[in-house]
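Raw contents of start-v2.txt, compact mmCIF, N, CA and C atoms and all ligand atoms:
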```
# COMPACT_ATOMS: atom_id res chain seq x y z
N MET C 10 -54.11 123.21 101.75
CA MET C 10 -55.49 123.76 101.52
C MET C 10 -56.34 122.71 100.80
N GLU C 11 -57.53 122.49 101.31
CA GLU C 11 -58.46 121.51 100.72
C GLU C 11 -58.84 121.95 99.30
N LYS C 12 -58.89 120.96 98.38
CA LYS C 12 -59.33 121.29 97.02
C LYS C 12 -60.84 121.29 97.01
N LYS C 13 -61.43 122.44 96.67
CA LYS C 13 -62.89 122.46 96.62
C LYS C 13 -63.39 123.59 95.71
N LEU C 14 -64.64 123.43 95.29
CA LEU C 14 -65.35 124.49 94.59
C LEU C 14 -66.25 125.16 95.61
N THR C 15 -66.23 126.49 95.65
CA THR C 15 -67.04 127.19 96.64
C THR C 15 -67.57 128.48 96.02
N THR C 16 -68.59 129.04 96.65
CA THR C 16 -69.10 130.33 96.16
C THR C 16 -68.68 131.47 97.10
N SER C 17 -67.94 131.15 98.14
CA SER C 17 -67.59 132.23 99.07
C SER C 17 -66.25 132.88 98.70
N LEU C 18 -66.28 134.20 98.77
CA LEU C 18 -65.14 135.02 98.33
C LEU C 18 -64.40 135.60 99.54
N SER C 19 -63.08 135.58 99.48
CA SER C 19 -62.27 136.21 100.54
C SER C 19 -62.08 137.69 100.21
N GLU C 20 -61.51 138.43 101.15
CA GLU C 20 -61.18 139.85 100.90
C GLU C 20 -60.20 139.95 99.73
N ALA C 21 -59.23 139.04 99.69
CA ALA C 21 -58.23 139.05 98.60
C ALA C 21 -58.92 138.79 97.26
N ASP C 22 -59.92 137.90 97.26
CA ASP C 22 -60.66 137.63 96.01
C ASP C 22 -61.36 138.90 95.53
N LEU C 23 -61.97 139.62 96.48
CA LEU C 23 -62.71 140.83 96.09
C LEU C 23 -61.77 141.87 95.48
N LYS C 24 -60.58 141.98 96.04
CA LYS C 24 -59.60 142.93 95.50
C LYS C 24 -59.16 142.51 94.09
N LEU C 25 -58.97 141.21 93.91
CA LEU C 25 -58.52 140.72 92.61
C LEU C 25 -59.64 140.87 91.56
N ILE C 26 -60.88 140.70 91.99
CA ILE C 26 -62.02 140.90 91.08
C ILE C 26 -62.07 142.35 90.61
N GLU C 27 -61.78 143.29 91.51
CA GLU C 27 -61.76 144.70 91.12
C GLU C 27 -60.73 144.94 90.02
N ALA C 28 -59.57 144.30 90.15
CA ALA C 28 -58.52 144.43 89.13
C ALA C 28 -58.97 143.79 87.82
N ALA C 29 -59.67 142.66 87.91
CA ALA C 29 -60.17 142.00 86.69
C ALA C 29 -61.20 142.89 85.99
N LYS C 30 -62.02 143.57 86.79
CA LYS C 30 -63.02 144.48 86.21
C LYS C 30 -62.34 145.63 85.46
N GLN C 31 -61.27 146.15 86.05
CA GLN C 31 -60.51 147.21 85.35
C GLN C 31 -59.93 146.67 84.05
N ALA C 32 -59.43 145.43 84.12
CA ALA C 32 -58.80 144.83 82.94
C ALA C 32 -59.81 144.64 81.82
N ALA C 33 -61.05 144.31 82.16
CA ALA C 33 -62.08 144.08 81.13
C ALA C 33 -62.28 145.33 80.28
N LEU C 34 -61.99 146.48 80.86
CA LEU C 34 -62.17 147.74 80.12
C LEU C 34 -61.14 147.90 79.02
N THR C 35 -60.07 147.11 79.06
CA THR C 35 -59.02 147.21 78.04
C THR C 35 -59.17 146.13 76.96
N ALA C 36 -60.24 145.33 77.04
CA ALA C 36 -60.43 144.26 76.05
C ALA C 36 -60.52 144.84 74.64
N TYR C 37 -59.99 144.07 73.69
CA TYR C 37 -60.17 144.40 72.27
C TYR C 37 -61.02 143.27 71.70
N ALA C 38 -62.33 143.51 71.61
CA ALA C 38 -63.26 142.43 71.26
C ALA C 38 -64.30 142.92 70.25
N PRO C 39 -63.83 143.43 69.09
CA PRO C 39 -64.79 143.97 68.11
C PRO C 39 -65.63 142.89 67.45
N TYR C 40 -65.19 141.62 67.52
CA TYR C 40 -65.90 140.55 66.82
C TYR C 40 -66.94 139.89 67.72
N SER C 41 -66.58 139.62 68.97
CA SER C 41 -67.54 138.95 69.87
C SER C 41 -68.31 139.93 70.74
N GLN C 42 -67.78 141.13 70.94
CA GLN C 42 -68.35 142.10 71.89
C GLN C 42 -68.42 141.53 73.30
N PHE C 43 -67.58 140.55 73.57
CA PHE C 43 -67.53 139.92 74.89
C PHE C 43 -66.22 140.36 75.54
N HIS C 44 -66.31 141.25 76.50
CA HIS C 44 -65.13 141.90 77.06
C HIS C 44 -64.72 141.19 78.35
N VAL C 45 -63.58 140.51 78.28
CA VAL C 45 -63.16 139.69 79.42
C VAL C 45 -61.93 140.33 80.08
N GLY C 46 -61.92 140.29 81.39
CA GLY C 46 -60.76 140.78 82.14
C GLY C 46 -60.25 139.69 83.07
N ALA C 47 -58.94 139.63 83.22
CA ALA C 47 -58.35 138.67 84.15
C ALA C 47 -57.27 139.39 84.95
N ALA C 48 -57.18 139.04 86.22
CA ALA C 48 -56.13 139.60 87.06
C ALA C 48 -55.46 138.45 87.80
N VAL C 49 -54.14 138.42 87.72
CA VAL C 49 -53.35 137.34 88.33
C VAL C 49 -52.61 137.92 89.53
N LEU C 50 -52.78 137.26 90.67
CA LEU C 50 -52.02 137.63 91.87
C LEU C 50 -50.78 136.76 91.96
N LEU C 51 -49.62 137.40 92.08
CA LEU C 51 -48.36 136.65 92.22
C LEU C 51 -48.03 136.51 93.71
N SER C 52 -47.15 135.57 94.00
CA SER C 52 -46.85 135.27 95.41
C SER C 52 -46.21 136.45 96.15
N ASP C 53 -45.66 137.41 95.39
CA ASP C 53 -45.08 138.59 96.05
C ASP C 53 -46.08 139.73 96.23
N GLY C 54 -47.36 139.47 95.89
CA GLY C 54 -48.40 140.48 96.09
C GLY C 54 -48.68 141.31 94.85
N ARG C 55 -47.84 141.18 93.84
CA ARG C 55 -48.03 141.93 92.61
C ARG C 55 -49.28 141.43 91.87
N ILE C 56 -50.00 142.33 91.21
CA ILE C 56 -51.16 141.94 90.41
C ILE C 56 -50.88 142.28 88.95
N VAL C 57 -51.07 141.29 88.07
CA VAL C 57 -50.85 141.45 86.64
C VAL C 57 -52.20 141.30 85.93
N LYS C 58 -52.52 142.24 85.05
CA LYS C 58 -53.83 142.22 84.40
C LYS C 58 -53.74 141.84 82.93
N GLY C 59 -54.82 141.27 82.41
CA GLY C 59 -54.90 140.95 80.99
C GLY C 59 -56.34 141.02 80.53
N SER C 60 -56.51 141.17 79.23
CA SER C 60 -57.86 141.19 78.66
C SER C 60 -57.82 140.46 77.33
N ASN C 61 -58.99 140.05 76.85
CA ASN C 61 -58.98 139.32 75.58
C ASN C 61 -58.61 140.24 74.43
N GLN C 62 -57.84 139.69 73.51
CA GLN C 62 -57.33 140.44 72.35
C GLN C 62 -57.71 139.66 71.11
N GLU C 63 -58.67 140.21 70.37
CA GLU C 63 -59.21 139.47 69.22
C GLU C 63 -58.50 139.83 67.92
N ASN C 64 -58.82 139.04 66.90
CA ASN C 64 -58.18 139.21 65.59
C ASN C 64 -59.20 138.84 64.52
N LYS C 65 -59.09 139.54 63.41
CA LYS C 65 -59.93 139.25 62.24
C LYS C 65 -59.86 137.77 61.88
N ALA C 66 -58.65 137.20 62.00
CA ALA C 66 -58.48 135.74 61.84
C ALA C 66 -58.82 135.14 63.21
N TYR C 67 -60.03 134.65 63.36
CA TYR C 67 -60.56 134.31 64.70
C TYR C 67 -59.64 133.38 65.50
N GLY C 68 -58.96 132.48 64.79
CA GLY C 68 -58.08 131.54 65.49
C GLY C 68 -56.92 132.23 66.19
N SER C 69 -56.67 133.48 65.86
CA SER C 69 -55.58 134.22 66.48
C SER C 69 -56.03 135.02 67.71
N CYS C 70 -57.32 134.91 68.07
CA CYS C 70 -57.80 135.59 69.28
C CYS C 70 -57.14 134.94 70.51
N VAL C 71 -56.84 135.76 71.50
CA VAL C 71 -56.27 135.23 72.75
C VAL C 71 -57.14 135.66 73.92
N CYS C 72 -57.43 134.69 74.78
CA CYS C 72 -58.28 134.95 75.95
C CYS C 72 -57.56 135.82 76.99
N ALA C 73 -58.36 136.49 77.79
CA ALA C 73 -57.83 137.35 78.85
C ALA C 73 -56.95 136.57 79.83
N GLU C 74 -57.36 135.36 80.15
CA GLU C 74 -56.61 134.56 81.13
C GLU C 74 -55.19 134.30 80.65
N ARG C 75 -55.06 133.89 79.36
CA ARG C 75 -53.73 133.59 78.86
C ARG C 75 -52.89 134.85 78.69
N VAL C 76 -53.52 135.96 78.30
CA VAL C 76 -52.76 137.21 78.20
C VAL C 76 -52.15 137.53 79.57
N ALA C 77 -52.94 137.42 80.62
CA ALA C 77 -52.46 137.78 81.97
C ALA C 77 -51.44 136.76 82.48
N LEU C 78 -51.76 135.47 82.34
CA LEU C 78 -50.86 134.43 82.89
C LEU C 78 -49.51 134.42 82.18
N LEU C 79 -49.54 134.56 80.86
CA LEU C 79 -48.29 134.44 80.11
C LEU C 79 -47.46 135.73 80.24
N TYR C 80 -48.12 136.86 80.38
CA TYR C 80 -47.39 138.10 80.68
C TYR C 80 -46.70 137.94 82.03
N ALA C 81 -47.43 137.37 82.98
CA ALA C 81 -46.88 137.21 84.34
C ALA C 81 -45.62 136.36 84.32
N THR C 82 -45.68 135.21 83.67
CA THR C 82 -44.50 134.33 83.71
C THR C 82 -43.38 134.85 82.80
N ALA C 83 -43.74 135.58 81.74
CA ALA C 83 -42.70 136.13 80.87
C ALA C 83 -41.93 137.24 81.58
N ASN C 84 -42.62 137.98 82.44
CA ASN C 84 -41.98 139.14 83.08
C ASN C 84 -41.50 138.87 84.50
N TYR C 85 -42.11 137.90 85.17
CA TYR C 85 -41.73 137.57 86.56
C TYR C 85 -41.54 136.05 86.62
N ALA C 86 -40.52 135.58 85.92
CA ALA C 86 -40.37 134.15 85.65
C ALA C 86 -40.13 133.30 86.89
N THR C 87 -39.73 133.92 88.00
CA THR C 87 -39.46 133.11 89.19
C THR C 87 -40.52 133.31 90.28
N THR C 88 -41.57 134.04 89.96
CA THR C 88 -42.58 134.35 90.98
C THR C 88 -43.87 133.59 90.67
N PRO C 89 -44.27 132.65 91.51
CA PRO C 89 -45.46 131.85 91.18
C PRO C 89 -46.75 132.66 91.19
N PRO C 90 -47.61 132.39 90.20
CA PRO C 90 -48.97 132.94 90.27
C PRO C 90 -49.75 132.12 91.29
N VAL C 91 -50.49 132.79 92.17
CA VAL C 91 -51.22 132.07 93.21
C VAL C 91 -52.74 132.12 93.03
N SER C 92 -53.22 133.15 92.35
CA SER C 92 -54.65 133.14 92.04
C SER C 92 -54.94 134.01 90.82
N ILE C 93 -56.11 133.74 90.23
CA ILE C 93 -56.55 134.51 89.07
C ILE C 93 -58.04 134.80 89.21
N ALA C 94 -58.42 136.03 88.94
CA ALA C 94 -59.85 136.39 88.91
C ALA C 94 -60.24 136.70 87.47
N ILE C 95 -61.46 136.29 87.11
CA ILE C 95 -61.94 136.44 85.73
C ILE C 95 -63.33 137.06 85.77
N CYS C 96 -63.55 138.05 84.91
CA CYS C 96 -64.91 138.57 84.78
C CYS C 96 -65.14 138.93 83.32
N ALA C 97 -66.39 139.14 82.95
CA ALA C 97 -66.67 139.52 81.57
C ALA C 97 -67.87 140.45 81.53
N MET C 98 -67.86 141.32 80.52
CA MET C 98 -69.02 142.20 80.34
C MET C 98 -69.48 142.22 78.89
N GLN C 99 -70.79 142.36 78.77
CA GLN C 99 -71.44 142.47 77.47
C GLN C 99 -72.39 143.65 77.57
N ASN C 100 -72.42 144.51 76.55
CA ASN C 100 -73.28 145.70 76.60
C ASN C 100 -73.08 146.48 77.91
N ASN C 101 -71.82 146.65 78.29
CA ASN C 101 -71.48 147.41 79.50
C ASN C 101 -72.04 146.83 80.79
N THR C 102 -72.41 145.56 80.76
CA THR C 102 -72.97 144.92 81.96
C THR C 102 -72.16 143.67 82.28
N TYR C 103 -71.73 143.56 83.52
CA TYR C 103 -71.00 142.34 83.91
C TYR C 103 -71.94 141.15 83.88
N MET C 104 -71.39 140.01 83.51
CA MET C 104 -72.20 138.79 83.40
C MET C 104 -72.74 138.38 84.77
N ALA C 105 -73.97 137.88 84.78
CA ALA C 105 -74.60 137.49 86.04
C ALA C 105 -74.01 136.19 86.58
N GLN C 106 -73.68 135.28 85.66
CA GLN C 106 -73.15 133.98 86.06
C GLN C 106 -71.62 133.99 85.99
N PRO C 107 -70.96 133.14 86.76
CA PRO C 107 -69.50 133.12 86.74
C PRO C 107 -68.94 132.87 85.35
N VAL C 108 -67.86 133.57 85.01
CA VAL C 108 -67.18 133.35 83.73
C VAL C 108 -66.08 132.33 83.97
N THR C 109 -66.17 131.21 83.25
CA THR C 109 -65.22 130.11 83.48
C THR C 109 -64.22 130.04 82.32
N PRO C 110 -62.98 129.70 82.61
CA PRO C 110 -61.96 129.65 81.55
C PRO C 110 -62.21 128.55 80.52
N CYS C 111 -61.81 128.80 79.28
CA CYS C 111 -61.95 127.80 78.22
C CYS C 111 -60.94 126.66 78.45
N GLY C 112 -61.08 125.60 77.70
CA GLY C 112 -60.22 124.43 77.87
C GLY C 112 -58.75 124.74 77.69
N GLU C 113 -58.46 125.59 76.70
CA GLU C 113 -57.04 125.91 76.43
C GLU C 113 -56.44 126.67 77.62
N CYS C 114 -57.20 127.59 78.19
CA CYS C 114 -56.70 128.34 79.36
C CYS C 114 -56.57 127.42 80.56
N ARG C 115 -57.45 126.45 80.69
CA ARG C 115 -57.34 125.48 81.80
C ARG C 115 -56.03 124.70 81.67
N GLN C 116 -55.68 124.34 80.44
CA GLN C 116 -54.43 123.61 80.21
C GLN C 116 -53.23 124.47 80.60
N VAL C 117 -53.29 125.77 80.27
CA VAL C 117 -52.20 126.70 80.62
C VAL C 117 -52.12 126.86 82.14
N LEU C 118 -53.27 126.94 82.79
CA LEU C 118 -53.28 127.02 84.27
C LEU C 118 -52.60 125.79 84.87
N MET C 119 -52.91 124.61 84.31
CA MET C 119 -52.30 123.38 84.83
C MET C 119 -50.79 123.38 84.66
N GLU C 120 -50.34 123.87 83.51
CA GLU C 120 -48.89 123.93 83.27
C GLU C 120 -48.22 124.80 84.33
N MET C 121 -48.89 125.92 84.68
CA MET C 121 -48.28 126.83 85.67
C MET C 121 -48.28 126.25 87.06
N GLN C 122 -49.34 125.54 87.40
CA GLN C 122 -49.35 124.88 88.71
C GLN C 122 -48.21 123.89 88.82
N THR C 123 -48.02 123.11 87.75
CA THR C 123 -46.97 122.09 87.75
C THR C 123 -45.59 122.76 87.77
N ARG C 124 -45.45 123.78 86.93
CA ARG C 124 -44.15 124.46 86.84
C ARG C 124 -43.71 125.03 88.18
N PHE C 125 -44.64 125.69 88.89
CA PHE C 125 -44.28 126.37 90.13
C PHE C 125 -44.61 125.56 91.39
N GLN C 126 -45.21 124.38 91.17
CA GLN C 126 -45.56 123.53 92.32
C GLN C 126 -46.38 124.31 93.35
N THR C 127 -47.29 125.13 92.83
CA THR C 127 -48.12 125.98 93.70
C THR C 127 -49.55 125.94 93.18
N PRO C 128 -50.53 125.61 94.02
CA PRO C 128 -51.91 125.61 93.53
C PRO C 128 -52.36 127.00 93.10
N ILE C 129 -53.13 127.06 92.03
CA ILE C 129 -53.68 128.35 91.60
C ILE C 129 -55.18 128.38 91.91
N ARG C 130 -55.56 129.41 92.65
CA ARG C 130 -56.97 129.62 93.00
C ARG C 130 -57.63 130.35 91.83
N VAL C 131 -58.76 129.85 91.35
CA VAL C 131 -59.42 130.45 90.19
C VAL C 131 -60.75 131.05 90.65
N VAL C 132 -60.84 132.37 90.54
CA VAL C 132 -62.02 133.11 91.02
C VAL C 132 -62.83 133.55 89.80
N MET C 133 -63.99 132.95 89.63
CA MET C 133 -64.81 133.20 88.44
C MET C 133 -65.99 134.08 88.86
N TYR C 134 -65.94 135.32 88.39
CA TYR C 134 -66.89 136.31 88.90
C TYR C 134 -68.20 136.34 88.12
N GLY C 135 -69.29 136.51 88.86
CA GLY C 135 -70.60 136.82 88.28
C GLY C 135 -71.31 137.74 89.24
N THR C 136 -72.17 138.60 88.72
CA THR C 136 -72.83 139.56 89.64
C THR C 136 -73.83 138.85 90.55
N GLU C 137 -74.45 137.76 90.04
CA GLU C 137 -75.41 137.04 90.90
C GLU C 137 -74.67 136.16 91.90
N HIS C 138 -73.68 135.43 91.39
CA HIS C 138 -72.81 134.68 92.29
C HIS C 138 -71.50 134.41 91.58
N SER C 139 -70.49 134.17 92.39
CA SER C 139 -69.17 133.81 91.85
C SER C 139 -68.88 132.38 92.23
N LEU C 140 -67.87 131.83 91.55
CA LEU C 140 -67.46 130.45 91.82
C LEU C 140 -65.95 130.47 92.01
N VAL C 141 -65.48 129.76 93.03
CA VAL C 141 -64.04 129.70 93.28
C VAL C 141 -63.59 128.25 93.26
N ALA C 142 -62.54 127.96 92.49
CA ALA C 142 -61.87 126.67 92.56
C ALA C 142 -60.57 126.91 93.32
N THR C 143 -60.36 126.20 94.41
CA THR C 143 -59.15 126.46 95.22
C THR C 143 -57.90 125.89 94.56
N ASP C 144 -58.09 125.10 93.52
CA ASP C 144 -56.97 124.48 92.79
C ASP C 144 -57.43 124.31 91.34
N ALA C 145 -56.58 124.73 90.40
CA ALA C 145 -56.98 124.70 88.98
C ALA C 145 -57.29 123.29 88.50
N SER C 146 -56.73 122.27 89.16
CA SER C 146 -56.97 120.89 88.71
C SER C 146 -58.45 120.50 88.81
N LEU C 147 -59.19 121.22 89.64
CA LEU C 147 -60.64 120.95 89.75
C LEU C 147 -61.34 121.26 88.43
N LEU C 148 -60.73 122.14 87.63
CA LEU C 148 -61.35 122.56 86.37
C LEU C 148 -60.87 121.69 85.19
N LEU C 149 -59.90 120.83 85.44
CA LEU C 149 -59.37 119.98 84.36
C LEU C 149 -58.96 118.62 84.93
N PRO C 150 -59.96 117.81 85.29
CA PRO C 150 -59.64 116.50 85.86
C PRO C 150 -58.90 115.62 84.86
N ALA C 151 -58.08 114.74 85.36
CA ALA C 151 -57.35 113.77 84.54
C ALA C 151 -56.60 114.46 83.41
N SER C 152 -55.96 115.59 83.74
CA SER C 152 -55.32 116.40 82.69
C SER C 152 -54.06 115.73 82.15
N PHE C 153 -53.70 116.15 80.98
CA PHE C 153 -52.49 115.64 80.30
C PHE C 153 -51.26 116.02 81.08
N1 LIG E 1 -62.79 134.68 76.24
C1 LIG E 1 -61.89 134.97 77.23
O1 LIG E 1 -61.08 135.89 77.09
N2 LIG E 1 -61.94 134.22 78.35
C2 LIG E 1 -62.88 133.27 78.64
O2 LIG E 1 -62.85 132.69 79.71
C3 LIG E 1 -63.90 132.96 77.65
C4 LIG E 1 -63.73 133.58 76.31
C5 LIG E 1 -62.79 135.52 75.04
C6 LIG E 1 -62.34 134.88 73.78
C7 LIG E 1 -63.04 135.74 72.75
O3 LIG E 1 -62.29 136.92 72.53
C8 LIG E 1 -64.34 136.12 73.40
O4 LIG E 1 -64.11 135.95 74.81
C9 LIG E 1 -65.54 135.31 72.99
O5 LIG E 1 -65.35 133.97 73.15
```

Take the structure from the file and write it as structure tokens.
Ligand code: THU
Amino acid sequence: MEKKLTTSLSEADLKLIEAAKQAALTAYAPYSQFHVGAAVLLSDGRIVKGSNQENKAYGSCVCAERVALLYATANYATTPPVSIAICAMQNNTYMAQPVTPCGECRQVLMEMQTRFQTPIRVVMYGTEHSLVATDASLLLPASF
């Protein structure tokens, strides 16, 4: 599959976005009020959801992407993650622009691609438009 950034969504992307939207409803974000949901599709068709989990000690906050990705590999250690959808809402409204993963989550995505030797498709949802990276390396060039 060609590595590219695109705005076009597949049927599978739309289904995964729906799961990410459900996940955003479980966010614990009393400090930022930024409710993020992530849904990871595994190669066996299973979908694993995560949401951001904040902490009074801000450095202990964990992003939705890492909650979902690390739950996936902790519980299904031999099943590669093949794509992840991310969305966020503020004041009960989904963000208009695509929600992109932070640097730390990009590093975790790269580790998973390397570990499973499988490209991870990153679907960043926005109500106005979404952005898709067909390979996580597009989001972290020249990575460690
Ligand atoms: N957050 C995520 O969960 N994922 C992102 O892609 C961006 C940021 C969380 C971290 C924190 O709980 C809140 O959103 C505000 O940064």

Enclose all atoms of ligand LIG 1 (chain E) listed in the file in an axis-aligned box, grow every side by 8 Å, and hand back centre and edge lengths in Å to one decimal, as JSON.
```
{"center_x": -63.3, "center_y": 134.8, "center_z": 76.1, "size_x": 20.5, "size_y": 20.2, "size_z": 23.2}
```

Show which residues sit within 6 Å of segment 43-54 of chain C, as an MDAnalysis selection string. Count only N, CA and C atoms, and ignore same-chain residues fewer than 3 positions away.
chainID C and resid 25 28:30 32:34 36 38 40 57:61 73:74 77 88:99

So how far away is atom N of Phe153 of chain C from atom O1 of ligand LIG 1 (chain E), in Å?
21.4 Å

So, with only C-alpha atoms as the atoms that count, which of C:Val131, C:Ile56, C:Val71, C:Val108 lies closest to Tyr85 of chain C?
C:Ile56

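Residue neighbourhood of Gly135 of chain C, excluding near-sequence residues (fewer than 4 positions): Met104, Ala105, Gln106, Pro107 and Ser139 of chain C, at 6 Å, using only C-alpha atoms.
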
If you run DSSP on this backbone, which residues of segment 54-130 of chain C come out as strand (DSSP E or B), and could you give them as a PyMOL selection string?
chain C and resi 56-60+62+71+90-99+102-103+130

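Minimum atom-to-atom distances from C:Glu120, C:Glu63, C:Glu20, C:Glu27 to ligand LIG 1 (chain E) were compared using only N, CA and C atoms and all ligand atoms, and the lowest value belongs to C:Glu63.
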